[in-house]
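Since the structure comes first, as structure tokens, the remarks are kept for the end.
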Amino acid sequence: MGSDEERKKRRRLGPAAAEGAAKPASPSDPFGGGGGGGLYDFLPPPDPSKDAAATAAAERQQFSRPKLPPEDRSRVIFLDVDGVLLPTGSIETIIVDGVALPARTAVQESDFGTSALGNLRSIVQQTGATIVLSSEWRRTEALRSSIGTVLRSQDIPLLRDCTPIFSARPELQKHDPIVAWCERRSREIGKWLKDHPEVSAWVALDDLDFAWADAVRLAGTPWMKHRSVHTNDKICLTEEGVTRAVDLLRNPPPEPKPAPRKVSSGRAATSELLCSTEDSMPERIRLG
């Protein structure tokens, strides 16, 4: 009977009331029983001052960038990706409908140049310009979405829009696909601008030399060279490019007055029409 009464008492008071009851487990004694040699005994004690310093450093890094101004929808950056935000050839590509696109369905932040992304943000920070994707990477939803994600990771606003997709002019495509590509992009940008008359200042960031497009320009297509920042496709967008882009957005240049073109006939006329007086054509396949 005595033992029955003792068991009832222990149930009422709990195991701690019993003499010699084992200590419950704790962080310093995870196995209980009051024995030494806790699982985390080898770790140094917490240092509140170091923890606070680490937290402050993270906050400084997050908020060290200048605050972006309100969005100015009268200013637009037409953004190419390959050769502007990441070096040409840095990721594997495939050909889709005659256009080279990333072999992967999406890209990530580590694919891009940190300095180039920072320089793009600097243009936005100094002008409030919105971003319209003119790159061939706009062709798939997955690529557009992943580019937007990368921009947001750098505190760059979401893409405002994408330019339409046109076909190349057959006569240019036959002569030189790069010239045809550049001219097509100019028409795509021109169509977007016609649909958005509120835009009064714009710049095209691209590793295509728009002098090629201007040399074969159709009536109604905007002159491009004087409103573009031509990047080195291996170096991408630089601080010098930022300076030029900001100046073009703040002080839009007047439209150029083309010199009268000499009238020729036959093959010489075609050659004169298609050839740029500036750089030679790149002997490579680009992403766009």
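Simple scheme: letters A, B, ... for chains in structure tokens order, numbers from 1 for residues in each chain, numbers from 1 for ligands in the order shown.
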
Leaving out Ser153 (chain A) and any residue of its chain fewer than 4 positions from it, which residues lie within 12 Å of it when counting only C-alpha atoms, given as JSON, numbers by chain? {"A": [62, 108, 109, 110, 112, 114, 117, 118, 121, 146, 147, 148, 149, 157, 158]}

Selection: 10 Å around Glu240 (chain A), only C-alpha atoms, excl. self and same-chain fewer than 6 positions, as an MDAnalysis selection string: chainID A and resid 119 229 231

CA of Ala215 (chain A) to CA of Asp176 (chain A), straight-line distance in Å: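 CA of Asp176 (chain A) sits 13.0 Å away from CA of Ala215 (chain A).
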
Which parts of region 100-254 of chain A does DSSP call strand (DSSP E or B) when run on the backbone here, written out as a short mmCIF file (atom, residue, chain, number, x, y, z; two decimals) with C-alpha atoms, in the first residue's frame?
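So selection.cif came out as:
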```
data_model
loop_
_atom_site.label_atom_id
_atom_site.label_comp_id
_atom_site.auth_asym_id
_atom_site.auth_seq_id
_atom_site.Cartn_x
_atom_site.Cartn_y
_atom_site.Cartn_z
CA ALA A 100 20.61 33.02 -80.88
CA LEU A 101 19.05 32.72 -77.42
CA PRO A 102 20.32 31.30 -74.11
CA ALA A 129 13.92 56.72 -66.85
CA THR A 130 11.82 53.61 -67.41
CA ILE A 131 13.23 50.46 -69.05
CA VAL A 132 11.86 48.85 -72.22
CA LEU A 133 13.42 45.55 -73.24
CA ASP A 161 7.45 47.00 -71.59
CA CYS A 162 9.08 45.21 -74.53
CA ALA A 201 13.75 61.47 -74.34
CA TRP A 202 15.22 58.04 -74.96
CA VAL A 203 18.48 56.15 -75.32
CA ALA A 204 19.30 52.70 -76.74
CA LEU A 205 21.91 50.68 -74.82
CA ASP A 206 23.22 48.13 -77.31
CA SER A 228 22.53 55.25 -78.59
CA VAL A 229 25.30 54.05 -76.30
CA HIS A 230 27.37 51.54 -78.25
CA ASN A 232 31.94 46.86 -76.09
CA CYS A 236 29.53 45.80 -71.29
#
```

Can you pull out the residues contacting Trp181 (chain A)? Cut-off 12 Å, using only C-alpha atoms, and skip same-chain residues under 5 positions away; I want them as number ranges by chain. A: 98-100, 134-136, 165-176, 186-188, 208-210, 212-213, 216, 281, 285-288

Can you tell me, as a list in words, what residues are no more than 9 Å from Glu239 (chain A) when counting only C-alpha atoms, ignoring any on the same chain fewer than 5 positions away? Ser115, Ala116, Asn119, Ser122 and Arg244 of chain A

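When only C-alpha atoms are used to measure the gap to Ile77 (chain A), the shortest distance among A:Ile95, A:Ala180, A:Ala142, A:Val124 belongs to A:Val124.
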
Report as a VMD selection string: the residues of region 89-175 of chain A with a DSSP assignment of helix (DSSP H, G or I), based on the backbone of this structure. chain A and resid 109 to 111 114 to 127 136 to 139 141 to 153 170 to 175

Near Asp233 (chain A), within 6 Å and counting only C-alpha atoms, which residues show up once chain neighbours fewer than 3 positions away are dropped, as number ranges by chain? A: 83, 87-88, 207, 236

Residue among A:Ile123, A:Asp72, A:Leu143, A:Leu85 lying closest to Arg104 (chain A), counting only C-alpha atoms: A:Leu143

Extract, using only C-alpha atoms, all DNA, RNA and protein residues at most 10 Å from Gly190 (chain A), discarding same-chain residues fewer than 4 positions from it, and format them as a compact mmCIF listing (two decimals) with N, CA, C and O atoms, in the first residue's frame.
```
# COMPACT_ATOMS: atom_id res chain seq x y z
N THR A 163 9.71 45.90 -76.76
CA THR A 163 9.43 46.35 -78.12
C THR A 163 8.77 45.21 -78.92
O THR A 163 8.92 44.04 -78.57
N PRO A 164 8.04 45.53 -79.98
CA PRO A 164 7.42 44.49 -80.80
C PRO A 164 8.49 43.71 -81.57
O PRO A 164 9.66 44.12 -81.64
N ARG A 184 16.28 46.03 -88.28
CA ARG A 184 15.02 45.55 -87.71
C ARG A 184 14.81 46.09 -86.30
O ARG A 184 13.71 46.53 -85.95
N ARG A 185 15.85 46.06 -85.50
CA ARG A 185 15.72 46.57 -84.13
C ARG A 185 15.37 48.05 -84.12
O ARG A 185 14.59 48.52 -83.29
N SER A 186 15.92 48.81 -85.06
CA SER A 186 15.59 50.23 -85.16
C SER A 186 14.11 50.43 -85.45
O SER A 186 13.45 51.29 -84.85
N LYS A 194 6.30 55.37 -81.59
CA LYS A 194 5.08 55.90 -82.21
C LYS A 194 3.85 55.60 -81.37
O LYS A 194 2.90 56.39 -81.32
N ASP A 195 3.86 54.45 -80.70
CA ASP A 195 2.72 54.06 -79.86
C ASP A 195 2.76 54.74 -78.49
O ASP A 195 1.80 54.59 -77.72
N HIS A 196 3.82 55.44 -78.18
CA HIS A 196 3.96 56.10 -76.88
C HIS A 196 4.43 57.54 -77.08
O HIS A 196 5.59 57.89 -76.81
N GLY A 220 10.47 57.13 -91.77
CA GLY A 220 9.63 56.83 -90.62
C GLY A 220 10.35 56.10 -89.51
O GLY A 220 9.85 56.03 -88.38
N THR A 221 11.52 55.55 -89.80
CA THR A 221 12.33 54.89 -88.77
C THR A 221 13.21 55.94 -88.10
O THR A 221 13.79 56.79 -88.80
N PRO A 222 13.30 55.94 -86.79
CA PRO A 222 14.11 56.98 -86.13
C PRO A 222 15.60 56.84 -86.44
O PRO A 222 16.09 55.74 -86.67
N TRP A 223 16.29 57.96 -86.48
CA TRP A 223 17.74 57.94 -86.51
C TRP A 223 18.22 57.42 -85.17
O TRP A 223 17.77 57.88 -84.12
N MET A 224 19.13 56.47 -85.18
CA MET A 224 19.48 55.75 -83.96
C MET A 224 20.86 56.09 -83.38
O MET A 224 21.02 56.15 -82.17
```
